[in-house]
$ cat work-v6.pdb   # PDB, C-alpha atoms
ATOM      1  CA  MET A   1      26.751  11.462  -1.087
ATOM      2  CA  LEU A   2      26.704  11.009  -4.856
ATOM      3  CA  ALA A   3      23.944  13.499  -5.598
ATOM      4  CA  PHE A   4      26.499  15.787  -7.278
ATOM      5  CA  LEU A   5      26.695  13.422 -10.263
ATOM      6  CA  PRO A   6      24.782  14.346 -13.453
ATOM      7  CA  LYS A   7      21.079  13.602 -13.066
ATOM      8  CA  PRO A   8      20.873  11.104 -15.982
ATOM      9  CA  LEU A   9      23.793   9.151 -14.509
ATOM     10  CA  VAL A  10      22.195   9.224 -11.046
ATOM     11  CA  GLY A  11      18.977   7.811 -12.526
ATOM     12  CA  VAL A  12      20.746   5.012 -14.374
ATOM     13  CA  LEU A  13      22.860   4.039 -11.350
ATOM     14  CA  SER A  14      19.830   4.132  -9.048
ATOM     15  CA  ILE A  15      17.758   1.882 -11.300
ATOM     16  CA  LEU A  16      20.725  -0.448 -11.707
ATOM     17  CA  LEU A  17      21.084  -0.828  -7.935
ATOM     18  CA  TYR A  18      17.316  -1.217  -7.472
ATOM     19  CA  THR A  19      17.350  -3.973 -10.093
ATOM     20  CA  LEU A  20      20.385  -5.782  -8.661
ATOM     21  CA  ASN A  21      18.903  -5.568  -5.170
ATOM     22  CA  THR A  22      15.597  -7.006  -6.390
ATOM     23  CA  LEU A  23      17.281  -9.869  -8.238
ATOM     24  CA  PHE A  24      19.465 -10.629  -5.209
ATOM     25  CA  TRP A  25      16.518 -10.955  -2.795
ATOM     26  CA  PHE A  26      14.265 -12.669  -5.336
ATOM     27  CA  VAL A  27      16.433 -15.799  -5.165
ATOM     28  CA  PRO A  28      16.122 -16.492  -1.387
ATOM     29  CA  VAL A  29      12.450 -15.446  -1.431
ATOM     30  CA  LEU A  30      11.698 -17.918  -4.225
ATOM     31  CA  LEU A  31      13.637 -20.704  -2.487
ATOM     32  CA  LEU A  32      11.890 -20.049   0.830
ATOM     33  CA  ALA A  33       8.549 -19.911  -1.006
ATOM     34  CA  ILE A  34       9.142 -23.378  -2.441
ATOM     35  CA  LEU A  35      10.103 -24.691   1.009
ATOM     36  CA  LYS A  36       6.938 -23.142   2.420
ATOM     37  CA  LEU A  37       4.850 -25.387   0.179
ATOM     38  CA  LEU A  38       5.459 -28.168   2.710
ATOM     39  CA  PRO A  39       2.061 -28.244   4.521
ATOM     40  CA  ILE A  40       3.316 -28.099   8.107
ATOM     41  CA  PRO A  41       1.806 -25.054   9.923
ATOM     42  CA  LEU A  42       4.699 -24.490  12.353
ATOM     43  CA  TRP A  43       7.234 -24.820   9.529
ATOM     44  CA  GLN A  44       5.271 -22.418   7.321
ATOM     45  CA  SER A  45       4.913 -19.908  10.166
ATOM     46  CA  GLY A  46       8.662 -19.841  10.791
ATOM     47  CA  LEU A  47       9.443 -19.391   7.102
ATOM     48  CA  THR A  48       6.938 -16.528   6.924
ATOM     49  CA  TYR A  49       9.022 -14.499   9.382
ATOM     50  CA  LEU A  50      12.180 -15.214   7.361
ATOM     51  CA  LEU A  51      10.412 -14.128   4.179
ATOM     52  CA  ASP A  52       9.229 -10.878   5.759
ATOM     53  CA  ALA A  53      12.789 -10.253   6.962
ATOM     54  CA  CYS A  54      14.017 -10.623   3.360
ATOM     55  CA  ALA A  55      11.413  -8.099   2.198
ATOM     56  CA  VAL A  56      12.398  -5.616   4.910
ATOM     57  CA  CYS A  57      16.069  -5.955   3.937
ATOM     58  CA  TRP A  58      15.154  -5.401   0.285
ATOM     59  CA  ILE A  59      13.411  -2.142   1.212
ATOM     60  CA  SER A  60      16.306  -1.093   3.469
ATOM     61  CA  VAL A  61      18.811  -1.442   0.620
ATOM     62  CA  ASN A  62      16.497   0.504  -1.707
ATOM     63  CA  ASN A  63      16.286   3.240   0.932
ATOM     64  CA  PHE A  64      20.093   3.286   1.136
ATOM     65  CA  THR A  65      20.246   3.712  -2.645
ATOM     66  CA  THR A  66      17.855   6.674  -2.418
ATOM     67  CA  ALA A  67      19.945   8.279   0.340
ATOM     68  CA  LEU A  68      23.149   7.634  -1.624
ATOM     69  CA  PHE A  69      22.056   9.351  -4.823
ATOM     70  CA  THR A  70      19.528  11.992  -3.768
ATOM     71  CA  ARG A  71      19.221  14.954  -1.411
ATOM     72  CA  ILE A  72      15.595  14.779  -0.355
ATOM     73  CA  ARG A  73      14.458  16.843   2.640
ATOM     74  CA  TRP A  74      11.909  14.638   4.356
ATOM     75  CA  HIS A  75       9.163  16.277   6.414
ATOM     76  CA  VAL A  76       7.309  13.425   8.091
ATOM     77  CA  GLN A  77       4.719  13.739  10.850
ATOM     78  CA  GLY A  78       2.668  11.215  12.790
ATOM     79  CA  ILE A  79       4.851   8.090  12.794
ATOM     80  CA  GLU A  80       6.286   8.460  16.296
ATOM     81  CA  GLN A  81       3.868   6.061  18.020
ATOM     82  CA  LEU A  82       3.721   3.365  15.338
ATOM     83  CA  SER A  83       4.691  -0.209  16.172
ATOM     84  CA  ARG A  84       5.653  -3.387  14.326
ATOM     85  CA  LYS A  85       3.388  -5.263  16.737
ATOM     86  CA  GLU A  86       0.184  -3.582  15.554
ATOM     87  CA  TRP A  87      -2.283  -4.362  12.735
ATOM     88  CA  TYR A  88      -2.807  -1.461  10.291
ATOM     89  CA  LEU A  89      -4.898  -0.509   7.276
ATOM     90  CA  ILE A  90      -3.157   2.226   5.262
ATOM     91  CA  ILE A  91      -4.942   4.565   2.859
ATOM     92  CA  ALA A  92      -3.211   7.332   0.908
ATOM     93  CA  ASN A  93      -3.594   9.733  -1.994
ATOM     94  CA  HIS A  94      -1.903   8.473  -5.152
ATOM     95  CA  GLN A  95       0.000  10.773  -7.533
ATOM     96  CA  SER A  96       3.089   8.959  -8.774
ATOM     97  CA  TRP A  97       4.778   5.561  -8.954
ATOM     98  CA  ALA A  98       7.215   7.158  -6.505
ATOM     99  CA  ASP A  99       4.459   7.036  -3.851
ATOM    100  CA  ILE A 100       5.204   3.364  -3.186
ATOM    101  CA  LEU A 101       8.901   4.083  -2.601
ATOM    102  CA  VAL A 102       7.930   6.995  -0.332
ATOM    103  CA  LEU A 103       5.633   4.800   1.765
ATOM    104  CA  GLN A 104       8.244   2.052   2.012
ATOM    105  CA  LYS A 105      10.829   4.641   3.049
ATOM    106  CA  ILE A 106       8.843   6.179   5.915
ATOM    107  CA  PHE A 107       7.228   2.986   7.230
ATOM    108  CA  ASN A 108      10.099   0.484   6.907
ATOM    109  CA  ARG A 109      10.922  -1.108  10.286
ATOM    110  CA  LYS A 110       8.222   1.027  11.954
ATOM    111  CA  ILE A 111       5.208  -1.100  11.052
ATOM    112  CA  PRO A 112       4.820  -4.652   9.669
ATOM    113  CA  PHE A 113       5.880  -5.143   6.056
ATOM    114  CA  ILE A 114       3.258  -3.508   3.811
ATOM    115  CA  LYS A 115       1.117  -5.859   1.729
ATOM    116  CA  PHE A 116      -1.535  -5.295  -0.923
ATOM    117  CA  PHE A 117      -4.735  -7.195  -1.634
ATOM    118  CA  LEU A 118      -4.302  -9.039  -4.928
ATOM    119  CA  LYS A 119      -6.818 -10.652  -7.233
ATOM    120  CA  LYS A 120      -6.869 -14.407  -6.734
ATOM    121  CA  GLU A 121      -6.022 -14.924 -10.428
ATOM    122  CA  LEU A 122      -2.559 -13.395  -9.810
ATOM    123  CA  LEU A 123      -1.704 -16.401  -7.671
ATOM    124  CA  TYR A 124      -1.014 -18.272 -10.919
ATOM    125  CA  VAL A 125       1.501 -15.771 -12.323
ATOM    126  CA  PRO A 126       4.764 -17.743 -12.839
ATOM    127  CA  PHE A 127       7.322 -17.236 -10.030
ATOM    128  CA  LEU A 128       5.748 -14.018  -8.713
ATOM    129  CA  GLY A 129       2.507 -15.724  -7.696
ATOM    130  CA  ILE A 130       4.248 -18.147  -5.363
ATOM    131  CA  CYS A 131       6.380 -15.315  -3.936
ATOM    132  CA  TRP A 132       3.299 -13.186  -3.206
ATOM    133  CA  TRP A 133       1.671 -16.221  -1.597
ATOM    134  CA  ALA A 134       4.777 -16.951   0.483
ATOM    135  CA  LEU A 135       4.992 -13.310   1.608
ATOM    136  CA  ASP A 136       1.365 -13.605   2.775
ATOM    137  CA  PHE A 137      -0.062 -11.066   0.351
ATOM    138  CA  PRO A 138      -3.809 -11.548   0.842
ATOM    139  CA  PHE A 139      -5.647 -12.798  -2.238
ATOM    140  CA  MET A 140      -9.244 -11.724  -2.711
ATOM    141  CA  LYS A 141     -12.054 -13.366  -4.618
ATOM    142  CA  ARG A 142     -14.682 -10.895  -5.825
ATOM    143  CA  TYR A 143     -17.803 -11.512  -7.871
ATOM    144  CA  SER A 144     -19.222  -8.932 -10.278
ATOM    145  CA  LYS A 145     -22.746  -7.548  -9.840
ATOM    146  CA  SER A 146     -23.888  -9.303 -13.012
ATOM    147  CA  PHE A 147     -22.503 -12.632 -11.777
ATOM    148  CA  LEU A 148     -24.261 -12.256  -8.410
ATOM    149  CA  GLN A 149     -27.536 -11.415 -10.141
ATOM    150  CA  LYS A 150     -27.331 -14.743 -11.958
ATOM    151  CA  ASN A 151     -26.067 -16.569  -8.843
ATOM    152  CA  PRO A 152     -27.714 -14.880  -5.831
ATOM    153  CA  HIS A 153     -26.870 -17.844  -3.599
ATOM    154  CA  LEU A 154     -23.209 -16.719  -3.763
ATOM    155  CA  GLN A 155     -23.996 -13.314  -2.218
ATOM    156  CA  GLY A 156     -21.319 -12.623   0.439
ATOM    157  CA  LYS A 157     -19.342 -15.752  -0.509
ATOM    158  CA  ASP A 158     -16.426 -13.646  -1.807
ATOM    159  CA  ILE A 159     -16.028 -11.905   1.563
ATOM    160  CA  GLU A 160     -16.296 -15.220   3.390
ATOM    161  CA  THR A 161     -13.625 -16.815   1.181
ATOM    162  CA  THR A 162     -11.264 -13.850   1.591
ATOM    163  CA  ARG A 163     -11.893 -13.733   5.347
ATOM    164  CA  LYS A 164     -10.855 -17.378   5.699
ATOM    165  CA  ALA A 165      -7.701 -16.680   3.685
ATOM    166  CA  CYS A 166      -6.841 -13.827   6.076
ATOM    167  CA  GLU A 167      -7.249 -15.836   9.288
ATOM    168  CA  LYS A 168      -3.452 -16.270   9.404
ATOM    169  CA  PHE A 169      -3.174 -12.567  10.254
ATOM    170  CA  ARG A 170      -5.040 -13.113  13.507
ATOM    171  CA  TYR A 171      -1.769 -13.915  15.273
ATOM    172  CA  LYS A 172       0.763 -12.195  12.985
ATOM    173  CA  PRO A 173       0.778  -8.355  12.705
ATOM    174  CA  VAL A 174       0.219  -7.024   9.206
ATOM    175  CA  SER A 175      -0.078  -3.736   7.297
ATOM    176  CA  ILE A 176      -2.523  -3.636   4.385
ATOM    177  CA  MET A 177      -2.194  -0.821   1.824
ATOM    178  CA  ASN A 178      -5.018   0.587  -0.300
ATOM    179  CA  PHE A 179      -4.864   3.529  -2.721
ATOM    180  CA  VAL A 180      -8.468   4.657  -2.360
ATOM    181  CA  GLU A 181      -8.569   6.651  -5.620
ATOM    182  CA  GLY A 182      -7.774   3.468  -7.543
ATOM    183  CA  THR A 183      -5.397   5.217  -9.937
ATOM    184  CA  ARG A 184      -2.783   7.971 -10.021
ATOM    185  CA  PHE A 185      -3.899  11.589 -10.023
ATOM    186  CA  THR A 186      -3.549  13.496 -13.295
ATOM    187  CA  LYS A 187      -5.199  16.708 -14.440
ATOM    188  CA  ALA A 188      -6.874  14.821 -17.286
ATOM    189  CA  LYS A 189      -8.405  12.235 -14.934
ATOM    190  CA  HIS A 190      -9.398  15.003 -12.520
ATOM    191  CA  GLN A 191     -11.285  16.861 -15.252
ATOM    192  CA  GLN A 192     -12.819  13.689 -16.664
ATOM    193  CA  GLN A 193     -14.174  12.713 -13.238
ATOM    194  CA  GLN A 194     -15.302  16.264 -12.486
ATOM    195  CA  SER A 195     -13.868  15.600  -9.038
ATOM    196  CA  PRO A 196     -15.236  17.856  -6.283
ATOM    197  CA  PHE A 197     -11.747  17.945  -4.756
ATOM    198  CA  ALA A 198      -9.083  20.377  -5.919
ATOM    199  CA  HIS A 199      -6.079  18.080  -5.405
ATOM    200  CA  LEU A 200      -7.598  14.588  -5.393
ATOM    201  CA  LEU A 201      -9.609  12.179  -7.486
ATOM    202  CA  LYS A 202     -12.884  10.800  -6.195
ATOM    203  CA  PRO A 203     -12.308   8.098  -3.550
ATOM    204  CA  LYS A 204     -13.590   4.589  -4.261
ATOM    205  CA  ALA A 205     -14.910   3.370  -0.934
ATOM    206  CA  GLY A 206     -15.774  -0.153  -2.114
ATOM    207  CA  GLY A 207     -12.226  -1.546  -2.033
ATOM    208  CA  THR A 208     -11.546  -0.260   1.472
ATOM    209  CA  ALA A 209     -14.932  -1.540   2.677
ATOM    210  CA  PHE A 210     -14.075  -4.958   1.211
ATOM    211  CA  VAL A 211     -10.778  -5.054   3.152
ATOM    212  CA  LEU A 212     -12.543  -4.078   6.366
ATOM    213  CA  GLY A 213     -15.284  -6.617   5.722
ATOM    214  CA  ALA A 214     -12.685  -9.361   5.345
ATOM    215  CA  MET A 215     -10.228  -8.256   8.034
ATOM    216  CA  GLY A 216     -11.958  -5.634  10.151
ATOM    217  CA  GLN A 217     -11.815  -7.673  13.337
ATOM    218  CA  GLN A 218      -8.073  -8.165  12.882
ATOM    219  CA  LEU A 219      -7.029  -4.646  11.892
ATOM    220  CA  HIS A 220      -6.558  -2.271  14.838
ATOM    221  CA  LYS A 221      -5.851   1.161  13.366
ATOM    222  CA  LEU A 222      -6.291   3.142  10.179
ATOM    223  CA  LEU A 223      -3.309   5.152   8.907
ATOM    224  CA  ASP A 224      -4.563   8.027   6.767
ATOM    225  CA  VAL A 225      -1.509   9.173   4.783
ATOM    226  CA  THR A 226      -1.178  12.432   2.866
ATOM    227  CA  ILE A 227       1.760  12.675   0.447
ATOM    228  CA  TYR A 228       2.748  16.103  -0.853
ATOM    229  CA  TYR A 229       5.459  17.051  -3.361
ATOM    230  CA  PRO A 230       6.266  20.799  -3.041
ATOM    231  CA  GLN A 231       7.897  20.951  -6.497
ATOM    232  CA  GLY A 232       4.926  19.297  -8.185
ATOM    233  CA  ILE A 233       4.086  15.657  -8.845
ATOM    234  CA  PRO A 234       7.276  13.829  -9.917
ATOM    235  CA  THR A 235       7.633  10.907 -12.286
ATOM    236  CA  PHE A 236       9.413   7.767 -11.122
ATOM    237  CA  TRP A 237      12.438   8.925 -13.151
ATOM    238  CA  ASP A 238      12.410  12.312 -11.408
ATOM    239  CA  TYR A 239      12.531  10.521  -8.049
ATOM    240  CA  VAL A 240      15.362   8.091  -8.835
ATOM    241  CA  SER A 241      17.461  10.666 -10.724
ATOM    242  CA  GLY A 242      17.591  13.108  -7.826
ATOM    243  CA  LYS A 243      15.283  15.804  -9.196
ATOM    244  CA  VAL A 244      13.018  15.681  -6.128
ATOM    245  CA  HIS A 245      14.381  17.850  -3.307
ATOM    246  CA  ALA A 246      11.587  17.785  -0.717
ATOM    247  CA  ILE A 247       8.692  15.499   0.261
ATOM    248  CA  THR A 248       6.100  16.052   2.977
ATOM    249  CA  VAL A 249       4.205  13.112   4.470
ATOM    250  CA  LYS A 250       1.553  13.456   7.158
ATOM    251  CA  VAL A 251       0.164  10.381   8.890
ATOM    252  CA  GLN A 252      -3.037  10.464  10.924
ATOM    253  CA  VAL A 253      -3.673   7.444  13.155
ATOM    254  CA  LEU A 254      -7.387   6.704  13.428
ATOM    255  CA  PRO A 255      -9.351   3.985  15.247
ATOM    256  CA  ILE A 256     -11.216   1.322  13.297
ATOM    257  CA  THR A 257     -14.583   1.434  15.027
ATOM    258  CA  GLU A 258     -17.394  -1.110  14.756
ATOM    259  CA  ASP A 259     -19.483   1.129  12.492
ATOM    260  CA  LEU A 260     -16.749   0.983   9.818
ATOM    261  CA  ILE A 261     -17.112  -2.797   9.451
ATOM    262  CA  GLY A 262     -20.068  -4.128   7.517
ATOM    263  CA  ASP A 263     -21.530  -5.456   4.298
ATOM    264  CA  TYR A 264     -21.057  -3.014   1.422
ATOM    265  CA  ASN A 265     -24.149  -4.484  -0.231
ATOM    266  CA  ASP A 266     -26.206  -3.081   2.658
ATOM    267  CA  PRO A 267     -27.439   0.381   1.484
ATOM    268  CA  ALA A 268     -27.315   1.916   4.985
ATOM    269  CA  TYR A 269     -23.758   0.762   5.642
ATOM    270  CA  LYS A 270     -22.672   1.743   2.109
ATOM    271  CA  ALA A 271     -24.009   5.298   2.537
ATOM    272  CA  HIS A 272     -22.389   5.635   5.973
ATOM    273  CA  PHE A 273     -19.009   4.330   4.810
ATOM    274  CA  GLN A 274     -18.975   6.498   1.686
ATOM    275  CA  GLN A 275     -19.717   9.533   3.848
ATOM    276  CA  TYR A 276     -16.835   8.579   6.161
ATOM    277  CA  ILE A 277     -14.343   8.202   3.292
ATOM    278  CA  ASN A 278     -15.545  11.396   1.600
ATOM    279  CA  GLN A 279     -15.002  13.321   4.832
ATOM    280  CA  LEU A 280     -11.459  11.951   5.089
ATOM    281  CA  TRP A 281     -10.871  13.042   1.494
ATOM    282  CA  LEU A 282     -12.301  16.500   2.149
ATOM    283  CA  ASN A 283      -9.902  16.897   5.093
ATOM    284  CA  LYS A 284      -7.020  15.625   2.968
ATOM    285  CA  ASP A 285      -7.861  18.064   0.166
ATOM    286  CA  GLN A 286      -7.837  20.959   2.629
ATOM    287  CA  GLN A 287      -4.518  19.742   4.029
ATOM    288  CA  LEU A 288      -2.976  19.622   0.550
ATOM    289  CA  ALA A 289      -4.305  23.114  -0.198
ATOM    290  CA  GLU A 290      -2.697  24.423   2.993
ATOM    291  CA  LEU A 291       0.627  22.744   2.177
ATOM    292  CA  ASP A 292       0.467  24.198  -1.332
ATOM    293  CA  LYS A 293      -0.174  27.653   0.051
ATOM    294  CA  ASN A 294       2.705  27.471   2.537
ATOM    295  CA  SER A 295       5.182  26.265  -0.095
ATOM    296  CA  GLN A 296       4.635  29.305  -2.337
TER
END
$ encode --input "work-v6.pdb" --output "structure tokens"
Amino acid sequence: MLAFLPKPLVGVLSILLYTLNTLFWFVPVLLLAILKLLPIPLWQSGLTYLLDACAVCWISVNNFTTALFTRIRWHVQGIEQLSRKEWYLIIANHQSWADILVLQKIFNRKIPFIKFFLKKELLYVPFLGICWWALDFPFMKRYSKSFLQKNPHLQGKDIETTRKACEKFRYKPVSIMNFVEGTRFTKAKHQQQQSPFAHLLKPKAGGTAFVLGAMGQQLHKLLDVTIYYPQGIPTFWDYVSGKVHAITVKVQVLPITEDLIGDYNDPAYKAHFQQYINQLWLNKDQQLAELDKNSQ
């Protein structure tokens, strides 16, 4: 509706509304997080649903802001059969900070609120740590190779600890997000890696394998997401200021089979899982090449 305004003004107004919306919902989330500290399971479970509802409303208002100030033509495929009652692992290519807003836009109210695995140390970040905990963001504890070499008796203990922390998701649907490349795509990073893919960085299978090792029995489906920007990769400012006019998102729903769950320290499983992820990335690269060709 207000996309006719000058782009710099659109960007400023968008960021202002995003900020006000975040501050507004931060207050009830923080208050509910403090109340959730009371160690009564039924009480904590009920507050968890209220907290997720706050997060969904926060995303909904952000989506309204995007619709208010921009004219993006959305081309989205593969989300018709998704459900908020399912357990999902989401993987996607990563090109821009706008990717997160894109994923929240297309998946909001269609699947459970998207969460990320966080390092356990982030639990102690003032204010945010307790909010992430209250929103049931899963915290992981990982040991380095050098640490495990000095303490071999702790082999597999990190997975066991994380698995116990994720037991709460056994009865509550969840969506876990993982950017497999580990960082945003840039031409410089692409050249530095000598990536075999034309439009992607090399996938890092270890993080995804860790998630599946900790939660594989709870997650039901894998959502393989391909995000494509026909005008080229935008910055966050480009997105919020209305410079992005079209976005294509393709979602492939895949089963999480038994062979995808294992110990990444096992050489046979590691080789199999890396081959699986590399094949997904090869397919994604071909898909991006086809989209690029059709947009010209």
$ resolve_selection --input "work-v6.pdb" --expression "the PyMOL selection byres ((chain A and resi 287) around 12)" --output "JSON list (two decimals) with C-alpha atoms, in the frame of the given file"
[["chain", "number", "residue", "atom", "x", "y", "z"],
["A", 93, "ASN", "CA", -3.59, 9.73, -1.99],
["A", 197, "PHE", "CA", -11.75, 17.94, -4.76],
["A", 198, "ALA", "CA", -9.08, 20.38, -5.92],
["A", 199, "HIS", "CA", -6.08, 18.08, -5.40],
["A", 200, "LEU", "CA", -7.60, 14.59, -5.39],
["A", 225, "VAL", "CA", -1.51, 9.17, 4.78],
["A", 226, "THR", "CA", -1.18, 12.43, 2.87],
["A", 227, "ILE", "CA", 1.76, 12.68, 0.45],
["A", 228, "TYR", "CA", 2.75, 16.10, -0.85],
["A", 248, "THR", "CA", 6.10, 16.05, 2.98],
["A", 249, "VAL", "CA", 4.20, 13.11, 4.47],
["A", 250, "LYS", "CA", 1.55, 13.46, 7.16],
["A", 251, "VAL", "CA", 0.16, 10.38, 8.89],
["A", 252, "GLN", "CA", -3.04, 10.46, 10.92],
["A", 280, "LEU", "CA", -11.46, 11.95, 5.09],
["A", 281, "TRP", "CA", -10.87, 13.04, 1.49],
["A", 282, "LEU", "CA", -12.30, 16.50, 2.15],
["A", 283, "ASN", "CA", -9.90, 16.90, 5.09],
["A", 284, "LYS", "CA", -7.02, 15.62, 2.97],
["A", 285, "ASP", "CA", -7.86, 18.06, 0.17],
["A", 286, "GLN", "CA", -7.84, 20.96, 2.63],
["A", 288, "LEU", "CA", -2.98, 19.62, 0.55],
["A", 289, "ALA", "CA", -4.30, 23.11, -0.20],
["A", 290, "GLU", "CA", -2.70, 24.42, 2.99],
["A", 291, "LEU", "CA", 0.63, 22.74, 2.18],
["A", 292, "ASP", "CA", 0.47, 24.20, -1.33],
["A", 293, "LYS", "CA", -0.17, 27.65, 0.05],
["A", 294, "ASN", "CA", 2.70, 27.47, 2.54]]
$ resolve_selection --input "work-v6.pdb" --expression "the PyMOL selection byres ((chain A and resi 74) around 8)" --output "PDB file with C-alpha atoms, in the frame of the given file"
ATOM      1  CA  ILE A  72      15.595  14.779  -0.355  1.00  0.00           C
ATOM      2  CA  ARG A  73      14.458  16.843   2.640  1.00  0.00           C
ATOM      3  CA  HIS A  75       9.163  16.277   6.414  1.00  0.00           C
ATOM      4  CA  VAL A  76       7.309  13.425   8.091  1.00  0.00           C
ATOM      5  CA  ALA A 246      11.587  17.785  -0.717  1.00  0.00           C
ATOM      6  CA  ILE A 247       8.692  15.499   0.261  1.00  0.00           C
ATOM      7  CA  THR A 248       6.100  16.052   2.977  1.00  0.00           C
ATOM      8  CA  VAL A 249       4.205  13.112   4.470  1.00  0.00           C
TER       9      VAL A 249
END
$ closest_atom_pairs --input "work-v6.pdb" --of "range 47-94 of chain A" --to "range 123-139 of chain A" --cutoff "8 Å" --atoms "all atoms listed in the file" --output "Markdown table"
| residue | atom | partner | partner_atom | distance |
| --- | --- | --- | --- | --- |
| A:Thr48 | CA | A:Leu135 | CA | 6.5 |
| A:Leu51 | CA | A:Leu135 | CA | 6.1 |
| A:Asp52 | CA | A:Leu135 | CA | 6.4 |
$ residues_around --input "work-v6.pdb" --residues "Gln218 in chain A" --least-positions-apart "3" --cutoff "8 Å" --atoms "only C-alpha atoms" --output "PDB file with C-alpha atoms, in the coordinates of the input"
ATOM      1  CA  TRP A  87      -2.283  -4.362  12.735  1.00  0.00           C
ATOM      2  CA  PHE A 169      -3.174 -12.567  10.254  1.00  0.00           C
ATOM      3  CA  ARG A 170      -5.040 -13.113  13.507  1.00  0.00           C
ATOM      4  CA  MET A 215     -10.228  -8.256   8.034  1.00  0.00           C
TER       5      MET A 215
END
$ resolve_selection --input "work-v6.pdb" --expression "the PyMOL selection byres ((chain A and resi 44) around 12)" --output "PDB file with C-alpha atoms, keeping the file's coordinate frame"
ATOM      1  CA  LEU A  32      11.890 -20.049   0.830  1.00  0.00           C
ATOM      2  CA  ALA A  33       8.549 -19.911  -1.006  1.00  0.00           C
ATOM      3  CA  ILE A  34       9.142 -23.378  -2.441  1.00  0.00           C
ATOM      4  CA  LEU A  35      10.103 -24.691   1.009  1.00  0.00           C
ATOM      5  CA  LYS A  36       6.938 -23.142   2.420  1.00  0.00           C
ATOM      6  CA  LEU A  37       4.850 -25.387   0.179  1.00  0.00           C
ATOM      7  CA  LEU A  38       5.459 -28.168   2.710  1.00  0.00           C
ATOM      8  CA  PRO A  39       2.061 -28.244   4.521  1.00  0.00           C
ATOM      9  CA  ILE A  40       3.316 -28.099   8.107  1.00  0.00           C
ATOM     10  CA  PRO A  41       1.806 -25.054   9.923  1.00  0.00           C
ATOM     11  CA  LEU A  42       4.699 -24.490  12.353  1.00  0.00           C
ATOM     12  CA  TRP A  43       7.234 -24.820   9.529  1.00  0.00           C
ATOM     13  CA  SER A  45       4.913 -19.908  10.166  1.00  0.00           C
ATOM     14  CA  GLY A  46       8.662 -19.841  10.791  1.00  0.00           C
ATOM     15  CA  LEU A  47       9.443 -19.391   7.102  1.00  0.00           C
ATOM     16  CA  THR A  48       6.938 -16.528   6.924  1.00  0.00           C
ATOM     17  CA  TYR A  49       9.022 -14.499   9.382  1.00  0.00           C
ATOM     18  CA  LEU A  50      12.180 -15.214   7.361  1.00  0.00           C
ATOM     19  CA  LEU A  51      10.412 -14.128   4.179  1.00  0.00           C
ATOM     20  CA  TRP A 133       1.671 -16.221  -1.597  1.00  0.00           C
ATOM     21  CA  ALA A 134       4.777 -16.951   0.483  1.00  0.00           C
ATOM     22  CA  LEU A 135       4.992 -13.310   1.608  1.00  0.00           C
ATOM     23  CA  ASP A 136       1.365 -13.605   2.775  1.00  0.00           C
ATOM     24  CA  LYS A 168      -3.452 -16.270   9.404  1.00  0.00           C
TER      25      LYS A 168
END
$ atom_distance --input "work-v6.pdb" --atom1 "CA of Cys54 in chain A" --atom2 "CA of Pro28 in chain A"
7.8 Å
$ residues_around --input "work-v6.pdb" --residues "Thr208 in chain A" --least-positions-apart "3" --cutoff "9 Å" --atoms "all atoms listed in the file" --output "list in words"
Leu89, Ile91, Asn178, Phe179, Val180, Lys204, Ala205, Val211, Leu212 and Gly213 of chain A
$ closest_residue --input "work-v6.pdb" --among "A:Ile277, A:Thr70, A:Pro112, A:His94" --to "Leu9 in chain A" --atoms "only C-alpha atoms"
A:Thr70
$ atom_distance --input "work-v6.pdb" --atom1 "CA of Trp97 in chain A" --atom2 "CA of Arg184 in chain A"
8.0 Å
$ closest_residue --input "work-v6.pdb" --among "A:Ser14, A:Ser175, A:Gln217, A:Gln193" --to "Ile114 in chain A" --atoms "only C-alpha atoms"
A:Ser175
$ atom_distance --input "work-v6.pdb" --atom1 "CA of Ala209 in chain A" --atom2 "CA of Lys119 in chain A"
15.7 Å
$ closest_residue --input "work-v6.pdb" --among "A:Thr186, A:Leu31, A:Ser60, A:Gln231" --to "Ser295 in chain A" --atoms "all atoms listed in the file"
A:Gln231
$ closest_residue --input "work-v6.pdb" --among "A:Leu20, A:Met140, A:Val102, A:Leu30" --to "Phe236 in chain A" --atoms "all atoms listed in the file"
A:Val102
$ closest_residue --input "work-v6.pdb" --among "A:Gln191, A:Gln279, A:Gln274, A:Gln95" --to "Pro234 in chain A" --atoms "all atoms listed in the file"
A:Gln95
$ residues_around --input "work-v6.pdb" --residues "range 64-66 of chain A" --least-positions-apart "3" --cutoff "12 Å" --atoms "only C-alpha atoms" --output "ChimeraX atom specification"
/A:1-3,10-21,57-61,69-73,98,101-102,104-105,108,238-245
$ closest_residue --input "work-v6.pdb" --among "A:Phe185, A:Phe107, A:Trp25, A:Phe4" --to "Thr235 in chain A" --atoms "only C-alpha atoms"
A:Phe185
$ axis_aligned_box --input "work-v6.pdb" --around "range 271-281 of chain A" --padding-each-side "3 Å" --output "lines of an AutoDock Vina configuration file"
center_x = -17.4
center_y = 8.8
center_z = 3.8
size_x = 19.1
size_y = 15.0
size_z = 10.7
